Structures are given as structure tokens and as C-alpha cells.
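Source file: upload_19.pdb (PDB, C-alpha atoms, pLDDT in the B column)
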ATOM      1  CA  MET E 107       0.000   0.000   0.000  1.00 54.00           C
ATOM      2  CA  ARG E 108       2.813   2.307   0.928  1.00 49.00           C
ATOM      3  CA  ASP E 109       4.539   1.466  -2.312  1.00 51.00           C
ATOM      4  CA  ASN E 110       1.359   2.338  -4.229  1.00 48.00           C
ATOM      5  CA  VAL E 111       1.106   5.719  -2.533  1.00 45.00           C
ATOM      6  CA  LEU E 112       4.731   6.440  -3.215  1.00 46.00           C
ATOM      7  CA  SER E 113       4.287   5.502  -6.827  1.00 51.00           C
ATOM      8  CA  LEU E 114       1.327   7.913  -7.167  1.00 46.00           C
ATOM      9  CA  ARG E 115       3.175  10.881  -5.577  1.00 53.00           C
ATOM     10  CA  PRO E 116       4.816  12.039  -8.839  1.00 50.00           C
ATOM     11  CA  LEU E 117       1.424  12.005 -10.540  1.00 46.00           C
ATOM     12  CA  ILE E 118      -0.173  14.017  -7.746  1.00 49.00           C
ATOM     13  CA  VAL E 119       2.611  16.594  -7.874  1.00 48.00           C
ATOM     14  CA  ALA E 120       2.387  16.830 -11.654  1.00 47.00           C
ATOM     15  CA  THR E 121      -1.392  17.264 -11.466  1.00 49.00           C
ATOM     16  CA  GLY E 122      -0.954  20.059  -8.942  1.00 51.00           C
ATOM     17  CA  LEU E 123       1.547  21.793 -11.182  1.00 46.00           C
ATOM     18  CA  VAL E 124      -0.815  21.557 -14.135  1.00 44.00           C
ATOM     19  CA  LEU E 125      -3.714  22.991 -12.141  1.00 47.00           C
ATOM     20  CA  ALA E 126      -1.513  25.814 -10.926  1.00 51.00           C
ATOM     21  CA  ALA E 127      -0.431  26.533 -14.463  1.00 48.00           C
ATOM     22  CA  LEU E 128      -4.029  26.541 -15.681  1.00 48.00           C
ATOM     23  CA  THR E 129      -5.318  28.847 -12.956  1.00 52.00           C
ATOM     24  CA  ALA E 130      -2.402  31.317 -13.024  1.00 51.00           C
ATOM     25  CA  PRO E 131      -3.383  33.073 -16.306  1.00 52.00           C
ATOM     26  CA  ALA E 132      -6.950  33.510 -15.035  1.00 48.00           C
ATOM     27  CA  HIS E 133      -5.704  35.290 -11.904  1.00 50.00           C
ATOM     28  CA  ALA E 134      -3.345  37.447 -13.974  1.00 50.00           C
ATOM     29  CA  PHE E 135      -6.211  38.461 -16.312  1.00 51.00           C
ATOM     30  CA  SER E 136      -8.428  39.506 -13.388  1.00 65.00           C
ATOM     31  CA  ASP E 137      -5.645  41.639 -11.938  1.00 69.00           C
ATOM     32  CA  ASP E 138      -5.133  43.423 -15.275  1.00 73.00           C
ATOM     33  CA  GLU E 139      -8.828  44.157 -15.563  1.00 73.00           C
ATOM     34  CA  ALA E 140      -8.895  45.561 -12.033  1.00 73.00           C
ATOM     35  CA  ARG E 141      -5.882  47.764 -12.748  1.00 74.00           C
ATOM     36  CA  ARG E 142      -7.507  49.100 -15.906  1.00 77.00           C
ATOM     37  CA  ALA E 143     -10.771  49.772 -14.040  1.00 75.00           C
ATOM     38  CA  ILE E 144      -8.900  51.699 -11.341  1.00 78.00           C
ATOM     39  CA  LEU E 145      -7.058  53.735 -13.954  1.00 78.00           C
ATOM     40  CA  ASP E 146     -10.331  54.476 -15.800  1.00 76.00           C
ATOM     41  CA  LEU E 147     -11.990  55.499 -12.534  1.00 78.00           C
ATOM     42  CA  ARG E 148      -9.114  57.802 -11.662  1.00 77.00           C
ATOM     43  CA  GLN E 149      -9.335  59.404 -15.090  1.00 79.00           C
ATOM     44  CA  GLN E 150     -13.089  59.917 -14.757  1.00 79.00           C
ATOM     45  CA  VAL E 151     -12.683  61.505 -11.314  1.00 80.00           C
ATOM     46  CA  GLN E 152      -9.983  63.823 -12.687  1.00 80.00           C
ATOM     47  CA  GLN E 153     -12.201  64.847 -15.605  1.00 80.00           C
ATOM     48  CA  GLN E 154     -15.142  65.513 -13.276  1.00 78.00           C
ATOM     49  CA  ASN E 155     -12.935  67.640 -11.014  1.00 78.00           C
ATOM     50  CA  GLU E 156     -11.710  69.640 -14.003  1.00 78.00           C
ATOM     51  CA  GLN E 157     -15.294  70.160 -15.252  1.00 78.00           C
ATOM     52  CA  SER E 158     -16.403  71.217 -11.779  1.00 75.00           C
ATOM     53  CA  GLN E 159     -13.558  73.721 -11.553  1.00 76.00           C
ATOM     54  CA  ARG E 160     -14.425  75.171 -14.974  1.00 75.00           C
ATOM     55  CA  ALA E 161     -18.080  75.474 -13.948  1.00 71.00           C
ATOM     56  CA  LYS E 162     -17.091  77.313 -10.757  1.00 68.00           C
ATOM     57  CA  LEU E 163     -14.944  79.747 -12.735  1.00 70.00           C
ATOM     58  CA  GLN E 164     -17.752  80.378 -15.234  1.00 66.00           C
ATOM     59  CA  LEU E 165     -20.216  80.985 -12.398  1.00 66.00           C
ATOM     60  CA  ALA E 166     -17.797  83.402 -10.741  1.00 65.00           C
ATOM     61  CA  ASP E 167     -17.449  85.307 -14.032  1.00 61.00           C
ATOM     62  CA  GLN E 168     -21.230  85.510 -14.403  1.00 60.00           C
ATOM     63  CA  ILE E 169     -21.667  86.780 -10.838  1.00 61.00           C
ATOM     64  CA  GLN E 170     -18.984  89.414 -11.376  1.00 62.00           C
ATOM     65  CA  ALA E 171     -20.613  90.550 -14.625  1.00 61.00           C
ATOM     66  CA  LEU E 172     -24.003  90.846 -12.929  1.00 60.00           C
ATOM     67  CA  GLN E 173     -22.502  92.854 -10.073  1.00 59.00           C
ATOM     68  CA  GLN E 174     -20.974  95.246 -12.608  1.00 63.00           C
ATOM     69  CA  GLU E 175     -24.335  95.593 -14.361  1.00 59.00           C
ATOM     70  CA  VAL E 176     -26.072  96.415 -11.083  1.00 60.00           C
ATOM     71  CA  ALA E 177     -23.393  98.954 -10.128  1.00 61.00           C
ATOM     72  CA  GLN E 178     -23.626 100.676 -13.513  1.00 59.00           C
ATOM     73  CA  LEU E 179     -27.402 100.798 -13.372  1.00 58.00           C
ATOM     74  CA  ARG E 180     -27.366 102.089  -9.785  1.00 57.00           C
ATOM     75  CA  ASP E 181     -25.036 104.929 -10.757  1.00 57.00           C
ATOM     76  CA  GLN E 182     -27.182 105.770 -13.772  1.00 55.00           C
ATOM     77  CA  LEU E 183     -30.402 105.817 -11.782  1.00 54.00           C
ATOM     78  CA  GLU E 184     -28.990 107.910  -8.986  1.00 54.00           C
ATOM     79  CA  LEU E 185     -27.812 110.418 -11.569  1.00 53.00           C
ATOM     80  CA  VAL E 186     -31.246 110.506 -13.235  1.00 52.00           C
ATOM     81  CA  SER E 187     -33.091 110.899  -9.942  1.00 49.00           C
ATOM     82  CA  ARG E 188     -30.868 113.774  -8.832  1.00 49.00           C
ATOM     83  CA  GLN E 189     -30.749 115.767 -12.079  1.00 49.00           C
ATOM     84  CA  GLN E 190     -32.697 118.782 -10.883  1.00 46.00           C
ATOM     85  CA  PRO E 191     -31.141 122.234 -10.423  1.00 39.00           C
ATOM     86  CA  SER E 192     -32.256 124.751  -7.839  1.00 38.00           C
ATOM     87  CA  ALA E 193     -35.840 125.899  -7.810  1.00 39.00           C
ATOM     88  CA  LYS E 194     -36.862 128.943  -9.762  1.00 38.00           C
ATOM     89  CA  PRO E 195     -40.237 130.580  -9.556  1.00 37.00           C
ATOM     90  CA  GLY E 196     -42.822 129.964 -12.236  1.00 38.00           C
ATOM     91  CA  GLY E 197     -41.924 126.416 -13.209  1.00 39.00           C
ATOM     92  CA  THR E 198     -39.259 127.354 -15.775  1.00 36.00           C
ATOM     93  CA  ALA E 199     -36.753 124.940 -17.311  1.00 35.00           C
ATOM     94  CA  GLY E 200     -34.508 124.967 -14.255  1.00 40.00           C
ATOM     95  CA  SER E 201     -37.330 124.787 -11.765  1.00 47.00           C
ATOM     96  CA  ALA E 202     -37.960 122.167  -9.140  1.00 52.00           C
ATOM     97  CA  ASN E 203     -41.504 122.170 -10.432  1.00 55.00           C
ATOM     98  CA  PRO E 204     -42.326 119.882 -13.351  1.00 58.00           C
ATOM     99  CA  PRO E 205     -42.870 121.782 -16.641  1.00 49.00           C
ATOM    100  CA  GLY E 206     -46.192 123.593 -16.659  1.00 45.00           C
ATOM    101  CA  ALA E 207     -46.969 122.800 -13.023  1.00 56.00           C
ATOM    102  CA  SER E 208     -46.934 125.057 -10.015  1.00 62.00           C
ATOM    103  CA  ALA E 209     -48.807 125.389  -6.782  1.00 62.00           C
ATOM    104  CA  GLY E 210     -51.327 128.183  -6.455  1.00 70.00           C
ATOM    105  CA  ASP E 211     -51.047 128.021  -2.685  1.00 80.00           C
ATOM    106  CA  PRO E 212     -47.742 129.463  -1.386  1.00 87.00           C
ATOM    107  CA  GLN E 213     -47.820 127.102   1.588  1.00 90.00           C
ATOM    108  CA  GLU E 214     -48.228 124.126  -0.726  1.00 91.00           C
ATOM    109  CA  GLN E 215     -45.334 125.324  -2.882  1.00 91.00           C
ATOM    110  CA  ALA E 216     -43.146 125.878   0.178  1.00 91.00           C
ATOM    111  CA  ALA E 217     -43.869 122.359   1.449  1.00 93.00           C
ATOM    112  CA  TYR E 218     -42.887 120.885  -1.900  1.00 94.00           C
ATOM    113  CA  ASP E 219     -39.751 122.995  -2.297  1.00 93.00           C
ATOM    114  CA  GLY E 220     -38.624 122.158   1.234  1.00 94.00           C
ATOM    115  CA  ALA E 221     -38.968 118.432   0.602  1.00 95.00           C
ATOM    116  CA  ILE E 222     -37.107 118.684  -2.715  1.00 94.00           C
ATOM    117  CA  ASP E 223     -34.319 120.638  -1.034  1.00 94.00           C
ATOM    118  CA  LEU E 224     -33.846 117.804   1.456  1.00 95.00           C
ATOM    119  CA  PHE E 225     -33.627 115.354  -1.444  1.00 94.00           C
ATOM    120  CA  ARG E 226     -30.962 117.436  -3.193  1.00 93.00           C
ATOM    121  CA  LYS E 227     -28.906 117.533  -0.026  1.00 92.00           C
ATOM    122  CA  GLY E 228     -28.956 113.734   0.146  1.00 91.00           C
ATOM    123  CA  GLN E 229     -31.090 113.700   3.297  1.00 93.00           C
ATOM    124  CA  TYR E 230     -33.230 110.913   1.891  1.00 95.00           C
ATOM    125  CA  LYS E 231     -34.922 109.795   5.097  1.00 96.00           C
ATOM    126  CA  ASP E 232     -36.116 113.323   5.908  1.00 96.00           C
ATOM    127  CA  ALA E 233     -36.991 113.892   2.248  1.00 96.00           C
ATOM    128  CA  ALA E 234     -39.098 110.729   2.157  1.00 96.00           C
ATOM    129  CA  GLU E 235     -41.008 111.792   5.257  1.00 96.00           C
ATOM    130  CA  SER E 236     -41.618 115.304   3.905  1.00 96.00           C
ATOM    131  CA  LEU E 237     -42.661 114.064   0.479  1.00 97.00           C
ATOM    132  CA  ALA E 238     -44.998 111.468   1.983  1.00 96.00           C
ATOM    133  CA  ALA E 239     -46.560 114.220   4.079  1.00 96.00           C
ATOM    134  CA  PHE E 240     -46.913 116.426   0.998  1.00 96.00           C
ATOM    135  CA  THR E 241     -48.681 113.738  -1.060  1.00 95.00           C
ATOM    136  CA  ALA E 242     -51.011 113.033   1.861  1.00 95.00           C
ATOM    137  CA  LEU E 243     -51.862 116.725   2.349  1.00 93.00           C
ATOM    138  CA  TYR E 244     -52.108 117.636  -1.339  1.00 93.00           C
ATOM    139  CA  PRO E 245     -53.143 114.490  -3.281  1.00 92.00           C
ATOM    140  CA  ALA E 246     -54.741 116.551  -6.067  1.00 91.00           C
ATOM    141  CA  SER E 247     -51.809 118.939  -6.454  1.00 92.00           C
ATOM    142  CA  GLN E 248     -50.219 119.414  -9.867  1.00 91.00           C
ATOM    143  CA  LEU E 249     -46.950 118.786  -8.041  1.00 94.00           C
ATOM    144  CA  ALA E 250     -48.140 115.458  -6.597  1.00 94.00           C
ATOM    145  CA  PRO E 251     -46.754 113.241  -9.427  1.00 94.00           C
ATOM    146  CA  SER E 252     -43.333 114.867  -9.137  1.00 94.00           C
ATOM    147  CA  ALA E 253     -43.464 114.519  -5.349  1.00 95.00           C
ATOM    148  CA  GLN E 254     -44.310 110.826  -5.774  1.00 96.00           C
ATOM    149  CA  PHE E 255     -41.350 110.400  -8.118  1.00 96.00           C
ATOM    150  CA  TYR E 256     -38.923 111.886  -5.613  1.00 96.00           C
ATOM    151  CA  LEU E 257     -40.538 109.915  -2.797  1.00 96.00           C
ATOM    152  CA  GLY E 258     -39.900 106.683  -4.704  1.00 96.00           C
ATOM    153  CA  SER E 259     -36.361 107.819  -5.551  1.00 95.00           C
ATOM    154  CA  SER E 260     -35.720 108.582  -1.871  1.00 95.00           C
ATOM    155  CA  ARG E 261     -36.805 105.081  -0.934  1.00 96.00           C
ATOM    156  CA  TYR E 262     -34.530 103.682  -3.611  1.00 95.00           C
ATOM    157  CA  ALA E 263     -31.617 105.677  -2.165  1.00 94.00           C
ATOM    158  CA  LEU E 264     -32.508 104.264   1.278  1.00 95.00           C
ATOM    159  CA  LYS E 265     -32.376 100.754  -0.252  1.00 94.00           C
ATOM    160  CA  ASP E 266     -36.101 100.267   0.366  1.00 96.00           C
ATOM    161  CA  PHE E 267     -36.429  98.761  -3.087  1.00 96.00           C
ATOM    162  CA  LYS E 268     -39.874  97.232  -2.598  1.00 97.00           C
ATOM    163  CA  GLY E 269     -41.165 100.534  -1.253  1.00 96.00           C
ATOM    164  CA  ALA E 270     -39.648 102.361  -4.228  1.00 97.00           C
ATOM    165  CA  ILE E 271     -41.335  99.983  -6.672  1.00 97.00           C
ATOM    166  CA  ASP E 272     -44.738 100.328  -4.985  1.00 96.00           C
ATOM    167  CA  GLN E 273     -44.539 104.126  -4.857  1.00 96.00           C
ATOM    168  CA  LEU E 274     -43.306 104.601  -8.415  1.00 97.00           C
ATOM    169  CA  ASN E 275     -45.731 102.072  -9.877  1.00 97.00           C
ATOM    170  CA  ALA E 276     -48.556 104.020  -8.263  1.00 96.00           C
ATOM    171  CA  MET E 277     -47.175 107.249  -9.720  1.00 97.00           C
ATOM    172  CA  VAL E 278     -46.901 105.842 -13.269  1.00 97.00           C
ATOM    173  CA  GLN E 279     -50.317 104.225 -13.077  1.00 96.00           C
ATOM    174  CA  LYS E 280     -51.940 107.489 -11.960  1.00 95.00           C
ATOM    175  CA  SER E 281     -49.936 109.814 -14.226  1.00 95.00           C
ATOM    176  CA  PRO E 282     -48.622 107.817 -17.228  1.00 96.00           C
ATOM    177  CA  ASP E 283     -48.218 110.987 -19.308  1.00 94.00           C
ATOM    178  CA  ASN E 284     -46.169 112.829 -16.707  1.00 94.00           C
ATOM    179  CA  ALA E 285     -42.686 113.878 -17.844  1.00 93.00           C
ATOM    180  CA  ARG E 286     -41.177 111.910 -14.946  1.00 94.00           C
ATOM    181  CA  ALA E 287     -43.014 108.641 -15.746  1.00 96.00           C
ATOM    182  CA  PRO E 288     -40.226 107.098 -17.890  1.00 96.00           C
ATOM    183  CA  ASP E 289     -37.625 108.061 -15.262  1.00 95.00           C
ATOM    184  CA  ALA E 290     -39.823 106.464 -12.622  1.00 96.00           C
ATOM    185  CA  LEU E 291     -39.858 103.228 -14.631  1.00 96.00           C
ATOM    186  CA  LEU E 292     -36.087 103.435 -14.875  1.00 95.00           C
ATOM    187  CA  VAL E 293     -35.821 103.553 -11.074  1.00 95.00           C
ATOM    188  CA  ILE E 294     -38.301 100.674 -10.847  1.00 96.00           C
ATOM    189  CA  ALA E 295     -36.072  98.591 -13.136  1.00 95.00           C
ATOM    190  CA  GLY E 296     -33.065  99.410 -10.969  1.00 93.00           C
ATOM    191  CA  SER E 297     -34.964  98.341  -7.856  1.00 95.00           C
ATOM    192  CA  GLN E 298     -35.949  95.075  -9.542  1.00 95.00           C
ATOM    193  CA  ILE E 299     -32.316  94.361 -10.381  1.00 93.00           C
ATOM    194  CA  GLU E 300     -31.335  95.070  -6.780  1.00 93.00           C
ATOM    195  CA  LEU E 301     -33.927  92.470  -5.772  1.00 94.00           C
ATOM    196  CA  ASN E 302     -32.475  89.982  -8.324  1.00 93.00           C
ATOM    197  CA  ASN E 303     -35.654  90.178 -10.417  1.00 95.00           C
ATOM    198  CA  ARG E 304     -33.909  90.328 -13.791  1.00 92.00           C
ATOM    199  CA  ALA E 305     -36.999  89.200 -15.708  1.00 94.00           C
ATOM    200  CA  GLY E 306     -39.075  91.970 -14.146  1.00 95.00           C
ATOM    201  CA  ALA E 307     -36.360  94.531 -14.881  1.00 95.00           C
ATOM    202  CA  LYS E 308     -36.272  93.478 -18.552  1.00 95.00           C
ATOM    203  CA  THR E 309     -40.044  93.847 -18.796  1.00 96.00           C
ATOM    204  CA  THR E 310     -39.917  97.315 -17.243  1.00 96.00           C
ATOM    205  CA  LEU E 311     -37.083  98.474 -19.502  1.00 96.00           C
ATOM    206  CA  GLN E 312     -38.882  97.131 -22.556  1.00 96.00           C
ATOM    207  CA  ARG E 313     -41.960  99.081 -21.469  1.00 96.00           C
ATOM    208  CA  ILE E 314     -39.922 102.310 -21.419  1.00 97.00           C
ATOM    209  CA  VAL E 315     -38.657 101.673 -24.956  1.00 96.00           C
ATOM    210  CA  ARG E 316     -42.160 100.806 -26.156  1.00 97.00           C
ATOM    211  CA  ASP E 317     -44.210 103.515 -24.406  1.00 96.00           C
ATOM    212  CA  TYR E 318     -41.682 106.377 -24.255  1.00 97.00           C
ATOM    213  CA  PRO E 319     -39.461 105.829 -27.322  1.00 96.00           C
ATOM    214  CA  THR E 320     -38.394 109.464 -27.791  1.00 95.00           C
ATOM    215  CA  THR E 321     -37.306 110.141 -24.201  1.00 95.00           C
ATOM    216  CA  PRO E 322     -33.736 110.052 -22.832  1.00 93.00           C
ATOM    217  CA  ALA E 323     -34.902 107.268 -20.520  1.00 93.00           C
ATOM    218  CA  ALA E 324     -35.569 105.081 -23.573  1.00 94.00           C
ATOM    219  CA  GLY E 325     -31.934 105.372 -24.653  1.00 93.00           C
ATOM    220  CA  THR E 326     -30.800 104.419 -21.160  1.00 92.00           C
ATOM    221  CA  ALA E 327     -33.260 101.524 -21.123  1.00 93.00           C
ATOM    222  CA  LYS E 328     -31.852 100.178 -24.404  1.00 93.00           C
ATOM    223  CA  SER E 329     -28.299 100.147 -23.043  1.00 89.00           C
ATOM    224  CA  ARG E 330     -29.460  98.475 -19.831  1.00 89.00           C
ATOM    225  CA  LEU E 331     -31.302  95.808 -21.828  1.00 91.00           C
ATOM    226  CA  GLN E 332     -28.080  94.961 -23.653  1.00 88.00           C
ATOM    227  CA  LEU E 333     -26.360  94.422 -20.307  1.00 84.00           C
ATOM    228  CA  LEU E 334     -29.164  92.183 -19.105  1.00 81.00           C
ATOM    229  CA  GLN E 335     -29.108  89.843 -22.141  1.00 74.00           C
TER     230      GLN E 335
END
Now, as a test, write the supplied structure out as C-alpha cells.
Amino acid sequence: MRDNVLSLRPLIVATGLVLAALTAPAHAFSDDEARRAILDLRQQVQQQNEQSQRAKLQLADQIQALQQEVAQLRDQLELVSRQQPSAKPGGTAGSANPPGASAGDPQEQAAYDGAIDLFRKGQYKDAAESLAAFTALYPASQLAPSAQFYLGSSRYALKDFKGAIDQLNAMVQKSPDNARAPDALLVIAGSQIELNNRAGAKTTLQRIVRDYPTTPAAGTAKSRLQLLQ
């Protein structure tokens, strides 16, 4: 029996060697596939990181461009809202009164002029209070639309953008033919941009171009629309 076992030992060893030889290539193939998969995964992760970085840079550029647009529009609107020289009697070209409008009551005129003077001095909080008081006391005044315009502009300067929009919308709705109506819409558009309502700002600017095409505000609106594309 022992002799039989001994005689079979070379066969057993040879069989083991054959099995090892047969299984070795299979293990080597699996390892190669795993290496390739790891390399592919690494490459995919690298590509995703690069795409993510590019997207972040593009977003940063877009945010910077929007901030520049808002700053330019803010400067433009503040200039428009403050372009009024000192008051002159009779509602002449340099008057604080809108063209063709004046108060028959000296007390009414004094209240208006005092509020406008506060606005010119940059005292927007006091100006807003005085103008609100004026519109409440003299709602039927010929100076009321202009007072409403400066009230809305004061609220814009105070960064009360929703209040500015409400006030100026009411002014335009009540007095769409007033000389200050297109400027009021311009301030509304600026307030909408400050509130990140770009769609609303575009609509307002397009309204200026459509309804008041021959006014200086229309030219400003066209340039602002190009920035908002």
C-alpha cells in the first residue's frame, strides 16, 4: 500500500503543477482588468474635477458681470433721480416744479420745495417723510406726481427697493403721461435688479422703450437691456 502511494506521488505533484499553471493566467487576467478599471476610474474623477472647476470659474465670471451691471445701473439711476437744479419761480426749465406745473397756494409750494431741497442735499430719510406728508396733504396737487417720483427715488436711495417699486408704480399708473413717468420706470427697473428680479427689470425696460421711445430714458433703457441679455 505504501509502495502504491509512493508511486502515485509524482502524478499528484504533476497534477498540482498543471492545475496551478491553468489557474495562473486567469488570476493574472483579473488583476489586469482591475488595474484598468482603477485607472479608468481615476481618469473619470480627474475629468469631473476639471469640469467642476471650470463650472465654478464660469459661475464666478457671471456673478462678477451681474454685479458690474447692477453697479452701472445704480449709478445711472442715482444720476437721473438727482438731475434737478435749484428751484426757480414759475416752473421754468430749471425749476424744481415739473414743466407747466406750479402750486397756487404758497404754503403748498413751500412744502414741496422744502422736501425737494432735502432730497438734493442727500437727506433721503427726511426727504421721504416730507414728500410722503406732501402727497397726503395735497393728493390733487399738480406737483403730486413729481413729489411721488422723488418719494420713490428717496426710498430707492434708502435701499427700500420694494417701497420704491410700490410708490413709483402708483405714480406711473396714476400719471402715465407725466414727464417723470419714464424716469420712474427706470428707477423701478433698478430696484428690480437690486432684488435679483432680472426678468421683471427686462419687462420694465422694454416698457420704457415701447411707451416712451423718444425720451432720454428710452436710450438708457436700451443700453441696460443689452447688459441684461
Find, counting all atoms listed in the file, the residue in E:Leu264, E:Ala323, E:Ala253, E:Leu163 that gets nearest to E:Thr310.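 Of E:Leu264, E:Ala323, E:Ala253, E:Leu163, the one nearest E:Thr310 is E:Ala323, counting all atoms listed in the file.
We find atom CA of E:Asp289 and atom CA of E:Leu243 to be spaced 24.2 Å apart.
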Got a sec: who's within 8 Å of E:Ala324, counting all atoms listed in the file, leaving out chain neighbours fewer than 6 positions off, as a ChimeraX atom specification? /E:288,311,314-315,318
I'd like to see the residues matched by the PyMOL selection byres ((chain E and resi 234) around 9) on this file, and ideally I'd get them as a short mmCIF file (atom, residue, chain, number, x, y, z; two decimals) with C-alpha atoms, in the coordinates of the input.
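Result file part_30.cif:
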data_model
loop_
_atom_site.label_atom_id
_atom_site.label_comp_id
_atom_site.auth_asym_id
_atom_site.auth_seq_id
_atom_site.Cartn_x
_atom_site.Cartn_y
_atom_site.Cartn_z
CA ALA E 221 -38.97 118.43 0.60
CA LEU E 224 -33.85 117.80 1.46
CA PHE E 225 -33.63 115.35 -1.44
CA GLN E 229 -31.09 113.70 3.30
CA TYR E 230 -33.23 110.91 1.89
CA LYS E 231 -34.92 109.80 5.10
CA ASP E 232 -36.12 113.32 5.91
CA ALA E 233 -36.99 113.89 2.25
CA GLU E 235 -41.01 111.79 5.26
CA SER E 236 -41.62 115.30 3.90
CA LEU E 237 -42.66 114.06 0.48
CA ALA E 238 -45.00 111.47 1.98
CA ALA E 239 -46.56 114.22 4.08
CA TYR E 256 -38.92 111.89 -5.61
CA LEU E 257 -40.54 109.92 -2.80
CA GLY E 258 -39.90 106.68 -4.70
CA SER E 259 -36.36 107.82 -5.55
CA SER E 260 -35.72 108.58 -1.87
CA ARG E 261 -36.80 105.08 -0.93
#
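Using all atoms listed in the file for every distance, the candidate list E:Leu331, E:Ala305, E:Leu249, E:Ala217 yields E:Leu249 as the residue closest to E:Arg286.
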Residues within 7 Å of stretch 270-284 of chain E, please, as a ChimeraX atom specification. Count only C-alpha atoms; anything in the same chain fewer than 5 positions from it doesn't count. /E:251,254-255,258-259,261-262,290,294,297
Computed interatomic separation between atom CA of E:Gln335 and atom CA of E:Ala285 (Å):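 One can read the atom CA of E:Gln335 to atom CA of E:Ala285 distance as 27.9 Å.
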Between atom CA of E:Ala250 and atom CA of E:Asp211, what is the spacing in Å?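 Atom-to-atom, atom CA of E:Asp211 to atom CA of E:Ala250, that is 13.5 Å.
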Of the listed residues E:Lys227, E:Gln149, E:Glu300, E:Ala295, that which approaches E:Gln312 most closely, counting all atoms listed in the file: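 So, comparing all the options, the nearest one is E:Ala295.
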Between E:Gln152, E:Ala287, E:Lys308, E:Gly228, which residue has the minimum interatomic distance to E:Gln332, considering only C-alpha atoms? E:Lys308
